[in-house]
Amino acid sequence: MDDSENTYVAVTDRISVSVIPFFLDDDSEPEKGRYMWGYQVHIENNGDDTVQLERRYWKITDSMGRIQEVRGEGVVGEQPVIEPGDAYEYTSGAPLATPSGFMVGSFQMRRNDGSYFDVDIPAFSLDSPFDVQMIN
């Protein structure tokens, strides 16, 4: 991941989660109140234990304050095992009904010994070119 200006990072128990959001202009329909976002997630295991990503939780908030919560198994149909020193990367997307908003969440990880822990996904901003900023 090399777009450092738009990269959001959180580290929990030596698991680093980096996110780069991007606006999907071709998939958006502003006239219908549909703004589509993609995001690239990079998960790096800097710890000593092998971990498996078992569940995800997302809290998606649009600019009107409306919240959508998403919970499910794994990510993009996978429950990746990440060895120490290795990384896993995937790309996904989310629609918004407003031109801007933000997302935050967590991954539930399982260690080899069967114990679970949550890894923070950093909050990241979704700011489309259709969002009008007012400067006083």
# chains A, B, ... in the order shown; residues from 1 in each chain; ligands from 1
>>> residues_around(residues="Val51 in chain A", least_positions_apart="2", cutoff="8 Å", atoms="only C-alpha atoms", output="ChimeraX atom specification")
/A:45,49,53,81-83,109-112
>>> write_last_selection(atoms="all heavy atoms", output="PDB file, in the first residue's frame")
ATOM      1  N   ASN A  45       0.634  -9.280   9.990  1.00  0.00           N
ATOM      2  CA  ASN A  45       0.868  -9.937  11.277  1.00  0.00           C
ATOM      3  C   ASN A  45       2.321  -9.731  11.684  1.00  0.00           C
ATOM      4  O   ASN A  45       3.222 -10.389  11.186  1.00  0.00           O
ATOM      5  CB  ASN A  45       0.542 -11.433  11.172  1.00  0.00           C
ATOM      6  CG  ASN A  45       0.691 -12.161  12.489  1.00  0.00           C
ATOM      7  OD1 ASN A  45       1.151 -11.592  13.479  1.00  0.00           O
ATOM      8  ND2 ASN A  45       0.313 -13.426  12.501  1.00  0.00           N
ATOM      9  N   ASP A  49       2.355 -15.126  16.829  1.00  0.00           N
ATOM     10  CA  ASP A  49       1.363 -16.187  16.684  1.00  0.00           C
ATOM     11  C   ASP A  49       0.698 -16.136  15.309  1.00  0.00           C
ATOM     12  O   ASP A  49       0.433 -15.059  14.780  1.00  0.00           O
ATOM     13  CB  ASP A  49       0.249 -16.039  17.736  1.00  0.00           C
ATOM     14  CG  ASP A  49       0.760 -16.173  19.158  1.00  0.00           C
ATOM     15  OD1 ASP A  49       1.584 -17.076  19.401  1.00  0.00           O
ATOM     16  OD2 ASP A  49       0.334 -15.382  20.017  1.00  0.00           O
ATOM     17  N   LEU A  53      -8.444 -14.748  10.570  1.00  0.00           N
ATOM     18  CA  LEU A  53      -9.518 -13.762  10.587  1.00  0.00           C
ATOM     19  C   LEU A  53     -10.836 -14.535  10.463  1.00  0.00           C
ATOM     20  O   LEU A  53     -11.101 -15.151   9.441  1.00  0.00           O
ATOM     21  CB  LEU A  53      -9.357 -12.778   9.429  1.00  0.00           C
ATOM     22  CG  LEU A  53     -10.236 -11.531   9.425  1.00  0.00           C
ATOM     23  CD1 LEU A  53      -9.645 -10.482   8.502  1.00  0.00           C
ATOM     24  CD2 LEU A  53     -11.660 -11.794   9.084  1.00  0.00           C
ATOM     25  N   VAL A  81      -5.779 -17.271   7.003  1.00  0.00           N
ATOM     26  CA  VAL A  81      -4.802 -17.560   8.052  1.00  0.00           C
ATOM     27  C   VAL A  81      -3.569 -16.724   7.721  1.00  0.00           C
ATOM     28  O   VAL A  81      -3.065 -16.758   6.589  1.00  0.00           O
ATOM     29  CB  VAL A  81      -4.453 -19.065   8.084  1.00  0.00           C
ATOM     30  CG1 VAL A  81      -3.309 -19.333   9.052  1.00  0.00           C
ATOM     31  CG2 VAL A  81      -5.687 -19.881   8.443  1.00  0.00           C
ATOM     32  N   ILE A  82      -3.094 -15.958   8.718  1.00  0.00           N
ATOM     33  CA  ILE A  82      -1.953 -15.067   8.487  1.00  0.00           C
ATOM     34  C   ILE A  82      -0.827 -15.457   9.440  1.00  0.00           C
ATOM     35  O   ILE A  82      -0.941 -15.300  10.654  1.00  0.00           O
ATOM     36  CB  ILE A  82      -2.351 -13.589   8.689  1.00  0.00           C
ATOM     37  CG1 ILE A  82      -3.621 -13.258   7.886  1.00  0.00           C
ATOM     38  CG2 ILE A  82      -1.198 -12.670   8.276  1.00  0.00           C
ATOM     39  CD1 ILE A  82      -4.237 -11.917   8.235  1.00  0.00           C
ATOM     40  N   GLU A  83       0.232 -15.971   8.875  1.00  0.00           N
ATOM     41  CA  GLU A  83       1.401 -16.406   9.647  1.00  0.00           C
ATOM     42  C   GLU A  83       2.185 -15.185  10.134  1.00  0.00           C
ATOM     43  O   GLU A  83       2.102 -14.107   9.534  1.00  0.00           O
ATOM     44  CB  GLU A  83       2.323 -17.261   8.772  1.00  0.00           C
ATOM     45  CG  GLU A  83       1.675 -18.495   8.176  1.00  0.00           C
ATOM     46  CD  GLU A  83       1.540 -19.628   9.169  1.00  0.00           C
ATOM     47  OE1 GLU A  83       2.264 -19.635  10.189  1.00  0.00           O
ATOM     48  OE2 GLU A  83       0.698 -20.514   8.927  1.00  0.00           O
ATOM     49  N   MET A 109     -10.128 -12.142  15.461  1.00  0.00           N
ATOM     50  CA  MET A 109      -9.047 -13.059  15.113  1.00  0.00           C
ATOM     51  C   MET A 109      -8.990 -14.201  16.118  1.00  0.00           C
ATOM     52  O   MET A 109      -9.327 -14.029  17.287  1.00  0.00           O
ATOM     53  CB  MET A 109      -7.699 -12.334  15.137  1.00  0.00           C
ATOM     54  CG  MET A 109      -7.583 -11.179  14.181  1.00  0.00           C
ATOM     55  SD  MET A 109      -7.376 -11.756  12.498  1.00  0.00           S
ATOM     56  CE  MET A 109      -6.849 -10.252  11.695  1.00  0.00           C
ATOM     57  N   ARG A 110      -8.536 -15.358  15.628  1.00  0.00           N
ATOM     58  CA  ARG A 110      -8.330 -16.512  16.508  1.00  0.00           C
ATOM     59  C   ARG A 110      -6.874 -16.932  16.420  1.00  0.00           C
ATOM     60  O   ARG A 110      -6.314 -17.070  15.335  1.00  0.00           O
ATOM     61  CB  ARG A 110      -9.232 -17.678  16.105  1.00  0.00           C
ATOM     62  CG  ARG A 110      -9.117 -18.874  17.052  1.00  0.00           C
ATOM     63  CD  ARG A 110     -10.120 -19.969  16.750  1.00  0.00           C
ATOM     64  NE  ARG A 110     -10.088 -20.401  15.355  1.00  0.00           N
ATOM     65  CZ  ARG A 110      -9.225 -21.289  14.862  1.00  0.00           C
ATOM     66  NH1 ARG A 110      -8.287 -21.840  15.635  1.00  0.00           N
ATOM     67  NH2 ARG A 110      -9.272 -21.638  13.594  1.00  0.00           N
ATOM     68  N   ARG A 111      -6.270 -17.098  17.590  1.00  0.00           N
ATOM     69  CA  ARG A 111      -4.892 -17.590  17.653  1.00  0.00           C
ATOM     70  C   ARG A 111      -4.892 -19.119  17.560  1.00  0.00           C
ATOM     71  O   ARG A 111      -5.922 -19.761  17.724  1.00  0.00           O
ATOM     72  CB  ARG A 111      -4.243 -17.172  18.970  1.00  0.00           C
ATOM     73  CG  ARG A 111      -4.053 -15.670  19.128  1.00  0.00           C
ATOM     74  CD  ARG A 111      -3.370 -15.363  20.473  1.00  0.00           C
ATOM     75  NE  ARG A 111      -3.282 -13.939  20.712  1.00  0.00           N
ATOM     76  CZ  ARG A 111      -4.174 -13.233  21.408  1.00  0.00           C
ATOM     77  NH1 ARG A 111      -5.220 -13.834  21.957  1.00  0.00           N
ATOM     78  NH2 ARG A 111      -4.014 -11.944  21.571  1.00  0.00           N
ATOM     79  N   ASN A 112      -3.707 -19.694  17.356  1.00  0.00           N
ATOM     80  CA  ASN A 112      -3.567 -21.157  17.298  1.00  0.00           C
ATOM     81  C   ASN A 112      -4.035 -21.853  18.565  1.00  0.00           C
ATOM     82  O   ASN A 112      -4.495 -22.995  18.517  1.00  0.00           O
ATOM     83  CB  ASN A 112      -2.111 -21.554  17.017  1.00  0.00           C
ATOM     84  CG  ASN A 112      -1.806 -21.549  15.532  1.00  0.00           C
ATOM     85  OD1 ASN A 112      -2.707 -21.493  14.701  1.00  0.00           O
ATOM     86  ND2 ASN A 112      -0.533 -21.599  15.203  1.00  0.00           N
TER      87      ASN A 112
END
>>> residues_around(residues="Glu31 in chain A", least_positions_apart="3", cutoff="12 Å", atoms="only C-alpha atoms", output="short mmCIF file (atom, residue, chain, number, x, y, z; two decimals) with N, CA, C and O atoms, in the first residue's frame")
data_model
loop_
_atom_site.label_atom_id
_atom_site.label_comp_id
_atom_site.auth_asym_id
_atom_site.auth_seq_id
_atom_site.Cartn_x
_atom_site.Cartn_y
_atom_site.Cartn_z
N SER A 28 -21.24 4.93 -9.23
CA SER A 28 -22.09 5.83 -8.45
C SER A 28 -23.15 6.47 -9.34
O SER A 28 -22.95 6.67 -10.54
N ARG A 34 -26.91 7.57 -4.81
CA ARG A 34 -26.08 6.37 -4.62
C ARG A 34 -24.63 6.73 -4.92
O ARG A 34 -24.27 7.07 -6.05
N TYR A 35 -23.82 6.65 -3.87
CA TYR A 35 -22.39 6.96 -3.96
C TYR A 35 -21.65 5.69 -3.56
O TYR A 35 -21.81 5.20 -2.45
N ALA A 97 -25.73 6.66 0.80
CA ALA A 97 -26.83 7.44 0.24
C ALA A 97 -26.49 8.94 0.21
O ALA A 97 -27.27 9.73 -0.30
N THR A 98 -25.35 9.30 0.76
CA THR A 98 -24.90 10.70 0.78
C THR A 98 -23.50 10.78 0.17
O THR A 98 -22.80 9.76 0.10
N PRO A 99 -23.06 11.97 -0.24
CA PRO A 99 -21.75 12.10 -0.89
C PRO A 99 -20.55 11.81 0.00
O PRO A 99 -19.45 11.65 -0.50
N PHE A 130 -18.49 14.91 -5.05
CA PHE A 130 -19.81 15.53 -5.08
C PHE A 130 -20.15 16.22 -3.77
O PHE A 130 -21.19 16.87 -3.66
#
>>> residues_around(residues="Arg56 in chain A", least_positions_apart="6", cutoff="8 Å", atoms="only C-alpha atoms", output="list in words")
Val70, Arg71, Gly72, Glu73, Gly74, Val75, Gly105, Ser106, Phe107 and Gln108 of chain A
>>> select_by_dssp(residues="range 97-136 of chain A", states="strand (DSSP E or B)", output="list in words")
Ser100, Gly101, Phe102, Met103, Val104, Gly105, Ser106, Phe107, Gln108, Met109, Arg110, Arg111, Tyr116, Phe117, Asp118, Val119, Asp120, Ile121, Pro122, Ala123, Phe124, Ser125, Leu126 and Asp127 of chain A
>>> atom_distance(atom1="CA of Ser16 in chain A", atom2="CA of Pro122 in chain A")
9.8 Å
>>> residues_around(residues="Val11 in chain A", least_positions_apart="5", cutoff="12 Å", atoms="only C-alpha atoms", output="list in words")
Ser16, Val17, Ser18, Val19, His42, Ile43, Glu44, Asn45, Asn46, Gly47, Ser106, Phe107, Asp118, Val119, Asp120, Ile121 and Pro122 of chain A
>>> residues_around(residues="Asn6 in chain A", least_positions_apart="3", cutoff="9 Å", atoms="only C-alpha atoms", output="number ranges by chain")
A: 3, 19-22, 124-125
>>> atom_distance(atom1="CA of Leu96 in chain A", atom2="CA of Thr12 in chain A")
27.8 Å
>>> atom_distance(atom1="CA of Phe102 in chain A", atom2="CA of Gly33 in chain A")
16.3 Å
>>> select_by_dssp(residues="range 2-136 of chain A", states="helix (DSSP H, G or I)", output="ChimeraX atom specification")
/A:4-6,25-27,30-32
>>> residues_around(residues="Gly101 in chain A", least_positions_apart="5", cutoff="12 Å", atoms="only C-alpha atoms", output="PDB file with all heavy atoms, in the first residue's frame")
ATOM      1  N   PRO A  21      -9.277   4.129   1.147  1.00  0.00           N
ATOM      2  CA  PRO A  21     -10.585   4.232   0.490  1.00  0.00           C
ATOM      3  C   PRO A  21     -10.472   4.959  -0.846  1.00  0.00           C
ATOM      4  O   PRO A  21      -9.567   5.771  -1.046  1.00  0.00           O
ATOM      5  CB  PRO A  21     -11.410   5.056   1.484  1.00  0.00           C
ATOM      6  CG  PRO A  21     -10.396   5.930   2.156  1.00  0.00           C
ATOM      7  CD  PRO A  21      -9.108   5.143   2.194  1.00  0.00           C
ATOM      8  N   PHE A  23     -13.172   6.513  -4.204  1.00  0.00           N
ATOM      9  CA  PHE A  23     -14.506   6.742  -4.744  1.00  0.00           C
ATOM     10  C   PHE A  23     -14.653   6.032  -6.082  1.00  0.00           C
ATOM     11  O   PHE A  23     -13.767   6.101  -6.926  1.00  0.00           O
ATOM     12  CB  PHE A  23     -14.751   8.246  -4.904  1.00  0.00           C
ATOM     13  CG  PHE A  23     -16.137   8.580  -5.357  1.00  0.00           C
ATOM     14  CD1 PHE A  23     -17.227   8.318  -4.538  1.00  0.00           C
ATOM     15  CD2 PHE A  23     -16.350   9.153  -6.595  1.00  0.00           C
ATOM     16  CE1 PHE A  23     -18.516   8.626  -4.951  1.00  0.00           C
ATOM     17  CE2 PHE A  23     -17.633   9.474  -7.014  1.00  0.00           C
ATOM     18  CZ  PHE A  23     -18.718   9.212  -6.186  1.00  0.00           C
ATOM     19  N   TYR A  35     -23.819   6.652  -3.872  1.00  0.00           N
ATOM     20  CA  TYR A  35     -22.392   6.955  -3.958  1.00  0.00           C
ATOM     21  C   TYR A  35     -21.645   5.687  -3.556  1.00  0.00           C
ATOM     22  O   TYR A  35     -21.807   5.200  -2.448  1.00  0.00           O
ATOM     23  CB  TYR A  35     -22.048   8.123  -3.034  1.00  0.00           C
ATOM     24  CG  TYR A  35     -22.838   9.367  -3.366  1.00  0.00           C
ATOM     25  CD1 TYR A  35     -24.100   9.574  -2.815  1.00  0.00           C
ATOM     26  CD2 TYR A  35     -22.338  10.312  -4.249  1.00  0.00           C
ATOM     27  CE1 TYR A  35     -24.844  10.713  -3.124  1.00  0.00           C
ATOM     28  CE2 TYR A  35     -23.069  11.457  -4.569  1.00  0.00           C
ATOM     29  CZ  TYR A  35     -24.320  11.637  -4.005  1.00  0.00           C
ATOM     30  OH  TYR A  35     -25.046  12.751  -4.322  1.00  0.00           O
ATOM     31  N   MET A  36     -20.862   5.159  -4.476  1.00  0.00           N
ATOM     32  CA  MET A  36     -20.200   3.876  -4.248  1.00  0.00           C
ATOM     33  C   MET A  36     -18.727   4.080  -3.906  1.00  0.00           C
ATOM     34  O   MET A  36     -18.030   4.872  -4.556  1.00  0.00           O
ATOM     35  CB  MET A  36     -20.341   3.007  -5.499  1.00  0.00           C
ATOM     36  CG  MET A  36     -20.025   1.575  -5.271  1.00  0.00           C
ATOM     37  SD  MET A  36     -21.245   0.814  -4.197  1.00  0.00           S
ATOM     38  CE  MET A  36     -20.405  -0.716  -3.869  1.00  0.00           C
ATOM     39  N   TRP A  37     -18.283   3.352  -2.898  1.00  0.00           N
ATOM     40  CA  TRP A  37     -16.905   3.432  -2.413  1.00  0.00           C
ATOM     41  C   TRP A  37     -16.245   2.074  -2.480  1.00  0.00           C
ATOM     42  O   TRP A  37     -16.870   1.051  -2.239  1.00  0.00           O
ATOM     43  CB  TRP A  37     -16.903   3.900  -0.948  1.00  0.00           C
ATOM     44  CG  TRP A  37     -17.305   5.312  -0.857  1.00  0.00           C
ATOM     45  CD1 TRP A  37     -18.556   5.815  -0.679  1.00  0.00           C
ATOM     46  CD2 TRP A  37     -16.452   6.422  -0.994  1.00  0.00           C
ATOM     47  NE1 TRP A  37     -18.512   7.172  -0.704  1.00  0.00           N
ATOM     48  CE2 TRP A  37     -17.239   7.574  -0.888  1.00  0.00           C
ATOM     49  CE3 TRP A  37     -15.082   6.562  -1.195  1.00  0.00           C
ATOM     50  CZ2 TRP A  37     -16.709   8.847  -0.976  1.00  0.00           C
ATOM     51  CZ3 TRP A  37     -14.548   7.834  -1.278  1.00  0.00           C
ATOM     52  CH2 TRP A  37     -15.368   8.954  -1.168  1.00  0.00           C
ATOM     53  N   LYS A  59     -19.035  -0.447  10.922  1.00  0.00           N
ATOM     54  CA  LYS A  59     -20.016   0.591  11.244  1.00  0.00           C
ATOM     55  C   LYS A  59     -19.832   1.670  10.186  1.00  0.00           C
ATOM     56  O   LYS A  59     -18.779   2.307  10.115  1.00  0.00           O
ATOM     57  CB  LYS A  59     -19.773   1.148  12.643  1.00  0.00           C
ATOM     58  CG  LYS A  59     -20.757   2.218  13.047  1.00  0.00           C
ATOM     59  CD  LYS A  59     -20.456   2.674  14.475  1.00  0.00           C
ATOM     60  CE  LYS A  59     -21.332   3.819  14.887  1.00  0.00           C
ATOM     61  NZ  LYS A  59     -20.990   4.284  16.254  1.00  0.00           N
ATOM     62  N   ILE A  60     -20.854   1.839   9.345  1.00  0.00           N
ATOM     63  CA  ILE A  60     -20.804   2.773   8.225  1.00  0.00           C
ATOM     64  C   ILE A  60     -21.763   3.922   8.538  1.00  0.00           C
ATOM     65  O   ILE A  60     -22.954   3.687   8.770  1.00  0.00           O
ATOM     66  CB  ILE A  60     -21.206   2.076   6.911  1.00  0.00           C
ATOM     67  CG1 ILE A  60     -20.352   0.816   6.694  1.00  0.00           C
ATOM     68  CG2 ILE A  60     -21.094   3.044   5.736  1.00  0.00           C
ATOM     69  CD1 ILE A  60     -20.899  -0.125   5.635  1.00  0.00           C
ATOM     70  N   THR A  61     -21.245   5.142   8.553  1.00  0.00           N
ATOM     71  CA  THR A  61     -22.055   6.309   8.887  1.00  0.00           C
ATOM     72  C   THR A  61     -22.046   7.277   7.715  1.00  0.00           C
ATOM     73  O   THR A  61     -20.972   7.651   7.225  1.00  0.00           O
ATOM     74  CB  THR A  61     -21.496   7.014  10.142  1.00  0.00           C
ATOM     75  OG1 THR A  61     -21.380   6.064  11.205  1.00  0.00           O
ATOM     76  CG2 THR A  61     -22.411   8.154  10.577  1.00  0.00           C
ATOM     77  N   ASP A  62     -23.244   7.677   7.253  1.00  0.00           N
ATOM     78  CA  ASP A  62     -23.285   8.654   6.165  1.00  0.00           C
ATOM     79  C   ASP A  62     -23.304  10.069   6.739  1.00  0.00           C
ATOM     80  O   ASP A  62     -23.342  10.256   7.965  1.00  0.00           O
ATOM     81  CB  ASP A  62     -24.439   8.387   5.195  1.00  0.00           C
ATOM     82  CG  ASP A  62     -25.819   8.679   5.755  1.00  0.00           C
ATOM     83  OD1 ASP A  62     -25.949   9.394   6.771  1.00  0.00           O
ATOM     84  OD2 ASP A  62     -26.800   8.189   5.149  1.00  0.00           O
ATOM     85  N   SER A  63     -23.268  11.071   5.869  1.00  0.00           N
ATOM     86  CA  SER A  63     -23.147  12.452   6.342  1.00  0.00           C
ATOM     87  C   SER A  63     -24.413  12.970   7.029  1.00  0.00           C
ATOM     88  O   SER A  63     -24.387  14.030   7.648  1.00  0.00           O
ATOM     89  CB  SER A  63     -22.753  13.395   5.194  1.00  0.00           C
ATOM     90  OG  SER A  63     -23.748  13.381   4.193  1.00  0.00           O
ATOM     91  N   MET A  64     -25.494  12.226   6.977  1.00  0.00           N
ATOM     92  CA  MET A  64     -26.720  12.583   7.702  1.00  0.00           C
ATOM     93  C   MET A  64     -26.759  11.907   9.080  1.00  0.00           C
ATOM     94  O   MET A  64     -27.726  12.031   9.815  1.00  0.00           O
ATOM     95  CB  MET A  64     -27.958  12.169   6.893  1.00  0.00           C
ATOM     96  CG  MET A  64     -28.046  12.825   5.526  1.00  0.00           C
ATOM     97  SD  MET A  64     -28.246  14.611   5.604  1.00  0.00           S
ATOM     98  CE  MET A  64     -29.901  14.724   6.207  1.00  0.00           C
ATOM     99  N   GLY A  65     -25.701  11.154   9.402  1.00  0.00           N
ATOM    100  CA  GLY A  65     -25.632  10.484  10.699  1.00  0.00           C
ATOM    101  C   GLY A  65     -26.314   9.130  10.734  1.00  0.00           C
ATOM    102  O   GLY A  65     -26.399   8.501  11.785  1.00  0.00           O
ATOM    103  N   ARG A  66     -26.803   8.667   9.605  1.00  0.00           N
ATOM    104  CA  ARG A  66     -27.443   7.344   9.544  1.00  0.00           C
ATOM    105  C   ARG A  66     -26.366   6.269   9.597  1.00  0.00           C
ATOM    106  O   ARG A  66     -25.356   6.363   8.904  1.00  0.00           O
ATOM    107  CB  ARG A  66     -28.281   7.208   8.281  1.00  0.00           C
ATOM    108  CG  ARG A  66     -29.485   8.148   8.274  1.00  0.00           C
ATOM    109  CD  ARG A  66     -30.227   8.065   6.968  1.00  0.00           C
ATOM    110  NE  ARG A  66     -29.374   8.612   5.903  1.00  0.00           N
ATOM    111  CZ  ARG A  66     -29.841   9.248   4.842  1.00  0.00           C
ATOM    112  NH1 ARG A  66     -31.132   9.410   4.677  1.00  0.00           N
ATOM    113  NH2 ARG A  66     -29.011   9.705   3.922  1.00  0.00           N
ATOM    114  N   ILE A  67     -26.613   5.262  10.422  1.00  0.00           N
ATOM    115  CA  ILE A  67     -25.619   4.218  10.672  1.00  0.00           C
ATOM    116  C   ILE A  67     -26.112   2.879  10.132  1.00  0.00           C
ATOM    117  O   ILE A  67     -27.264   2.504  10.333  1.00  0.00           O
ATOM    118  CB  ILE A  67     -25.326   4.090  12.178  1.00  0.00           C
ATOM    119  CG1 ILE A  67     -24.687   5.388  12.693  1.00  0.00           C
ATOM    120  CG2 ILE A  67     -24.445   2.879  12.477  1.00  0.00           C
ATOM    121  CD1 ILE A  67     -24.548   5.454  14.195  1.00  0.00           C
ATOM    122  N   GLN A  68     -25.209   2.201   9.448  1.00  0.00           N
ATOM    123  CA  GLN A  68     -25.458   0.833   8.999  1.00  0.00           C
ATOM    124  C   GLN A  68     -24.368  -0.035   9.613  1.00  0.00           C
ATOM    125  O   GLN A  68     -23.179   0.289   9.523  1.00  0.00           O
ATOM    126  CB  GLN A  68     -25.405   0.751   7.476  1.00  0.00           C
ATOM    127  CG  GLN A  68     -25.583  -0.645   6.941  1.00  0.00           C
ATOM    128  CD  GLN A  68     -25.437  -0.719   5.418  1.00  0.00           C
ATOM    129  OE1 GLN A  68     -25.145   0.255   4.742  1.00  0.00           O
ATOM    130  NE2 GLN A  68     -25.617  -1.910   4.891  1.00  0.00           N
ATOM    131  N   ALA A  94     -18.581  -0.403  -0.517  1.00  0.00           N
ATOM    132  CA  ALA A  94     -19.768  -0.072   0.263  1.00  0.00           C
ATOM    133  C   ALA A  94     -20.482   1.110  -0.385  1.00  0.00           C
ATOM    134  O   ALA A  94     -19.837   2.055  -0.816  1.00  0.00           O
ATOM    135  CB  ALA A  94     -19.385   0.289   1.696  1.00  0.00           C
ATOM    136  N   PRO A  95     -21.828   1.052  -0.430  1.00  0.00           N
ATOM    137  CA  PRO A  95     -22.583   2.186  -0.947  1.00  0.00           C
ATOM    138  C   PRO A  95     -22.969   3.151   0.166  1.00  0.00           C
ATOM    139  O   PRO A  95     -23.115   2.757   1.322  1.00  0.00           O
ATOM    140  CB  PRO A  95     -23.838   1.519  -1.517  1.00  0.00           C
ATOM    141  CG  PRO A  95     -24.052   0.339  -0.613  1.00  0.00           C
ATOM    142  CD  PRO A  95     -22.670  -0.119  -0.205  1.00  0.00           C
ATOM    143  N   LEU A  96     -23.102   4.415  -0.189  1.00  0.00           N
ATOM    144  CA  LEU A  96     -23.638   5.432   0.723  1.00  0.00           C
ATOM    145  C   LEU A  96     -24.784   6.145   0.011  1.00  0.00           C
ATOM    146  O   LEU A  96     -24.785   6.252  -1.215  1.00  0.00           O
ATOM    147  CB  LEU A  96     -22.578   6.473   1.082  1.00  0.00           C
ATOM    148  CG  LEU A  96     -21.515   6.155   2.114  1.00  0.00           C
ATOM    149  CD1 LEU A  96     -20.595   7.358   2.292  1.00  0.00           C
ATOM    150  CD2 LEU A  96     -22.129   5.773   3.440  1.00  0.00           C
ATOM    151  N   ALA A 123     -10.792   4.139  11.672  1.00  0.00           N
ATOM    152  CA  ALA A 123     -11.842   4.955  11.071  1.00  0.00           C
ATOM    153  C   ALA A 123     -11.257   5.633   9.841  1.00  0.00           C
ATOM    154  O   ALA A 123     -10.128   6.111   9.861  1.00  0.00           O
ATOM    155  CB  ALA A 123     -12.334   5.991  12.070  1.00  0.00           C
ATOM    156  N   PHE A 124     -12.027   5.624   8.750  1.00  0.00           N
ATOM    157  CA  PHE A 124     -11.554   6.316   7.553  1.00  0.00           C
ATOM    158  C   PHE A 124     -12.690   7.082   6.909  1.00  0.00           C
ATOM    159  O   PHE A 124     -13.856   6.716   6.987  1.00  0.00           O
ATOM    160  CB  PHE A 124     -10.859   5.366   6.573  1.00  0.00           C
ATOM    161  CG  PHE A 124     -11.670   4.175   6.119  1.00  0.00           C
ATOM    162  CD1 PHE A 124     -12.398   4.227   4.945  1.00  0.00           C
ATOM    163  CD2 PHE A 124     -11.666   3.005   6.858  1.00  0.00           C
ATOM    164  CE1 PHE A 124     -13.120   3.124   4.518  1.00  0.00           C
ATOM    165  CE2 PHE A 124     -12.381   1.896   6.431  1.00  0.00           C
ATOM    166  CZ  PHE A 124     -13.115   1.955   5.255  1.00  0.00           C
ATOM    167  N   SER A 125     -12.301   8.177   6.290  1.00  0.00           N
ATOM    168  CA  SER A 125     -13.235   9.127   5.709  1.00  0.00           C
ATOM    169  C   SER A 125     -13.559   8.766   4.269  1.00  0.00           C
ATOM    170  O   SER A 125     -12.686   8.337   3.514  1.00  0.00           O
ATOM    171  CB  SER A 125     -12.599  10.519   5.777  1.00  0.00           C
ATOM    172  OG  SER A 125     -13.452  11.481   5.235  1.00  0.00           O
ATOM    173  N   LEU A 126     -14.824   8.957   3.914  1.00  0.00           N
ATOM    174  CA  LEU A 126     -15.289   8.762   2.548  1.00  0.00           C
ATOM    175  C   LEU A 126     -15.764  10.123   2.047  1.00  0.00           C
ATOM    176  O   LEU A 126     -16.843  10.584   2.408  1.00  0.00           O
ATOM    177  CB  LEU A 126     -16.442   7.747   2.520  1.00  0.00           C
ATOM    178  CG  LEU A 126     -16.159   6.393   3.174  1.00  0.00           C
ATOM    179  CD1 LEU A 126     -17.437   5.571   3.277  1.00  0.00           C
ATOM    180  CD2 LEU A 126     -15.091   5.639   2.410  1.00  0.00           C
ATOM    181  N   ASP A 127     -14.942  10.784   1.263  1.00  0.00           N
ATOM    182  CA  ASP A 127     -15.248  12.134   0.782  1.00  0.00           C
ATOM    183  C   ASP A 127     -15.272  12.135  -0.739  1.00  0.00           C
ATOM    184  O   ASP A 127     -14.223  12.100  -1.365  1.00  0.00           O
ATOM    185  CB  ASP A 127     -14.204  13.136   1.281  1.00  0.00           C
ATOM    186  CG  ASP A 127     -14.149  13.193   2.799  1.00  0.00           C
ATOM    187  OD1 ASP A 127     -15.215  13.333   3.418  1.00  0.00           O
ATOM    188  OD2 ASP A 127     -13.038  13.080   3.347  1.00  0.00           O
ATOM    189  N   SER A 128     -16.465  12.173  -1.313  1.00  0.00           N
ATOM    190  CA  SER A 128     -16.579  12.126  -2.767  1.00  0.00           C
ATOM    191  C   SER A 128     -16.409  13.512  -3.379  1.00  0.00           C
ATOM    192  O   SER A 128     -16.552  14.521  -2.697  1.00  0.00           O
ATOM    193  CB  SER A 128     -17.941  11.558  -3.173  1.00  0.00           C
ATOM    194  OG  SER A 128     -18.931  12.561  -3.151  1.00  0.00           O
ATOM    195  N   ASP A 131     -19.295  16.087  -2.761  1.00  0.00           N
ATOM    196  CA  ASP A 131     -19.540  16.728  -1.468  1.00  0.00           C
ATOM    197  C   ASP A 131     -19.084  18.178  -1.533  1.00  0.00           C
ATOM    198  O   ASP A 131     -17.924  18.451  -1.782  1.00  0.00           O
ATOM    199  CB  ASP A 131     -18.788  15.978  -0.364  1.00  0.00           C
ATOM    200  CG  ASP A 131     -19.360  16.276   1.018  1.00  0.00           C
ATOM    201  OD1 ASP A 131     -20.450  16.861   1.112  1.00  0.00           O
ATOM    202  OD2 ASP A 131     -18.689  15.897   1.993  1.00  0.00           O
TER     203      ASP A 131
END
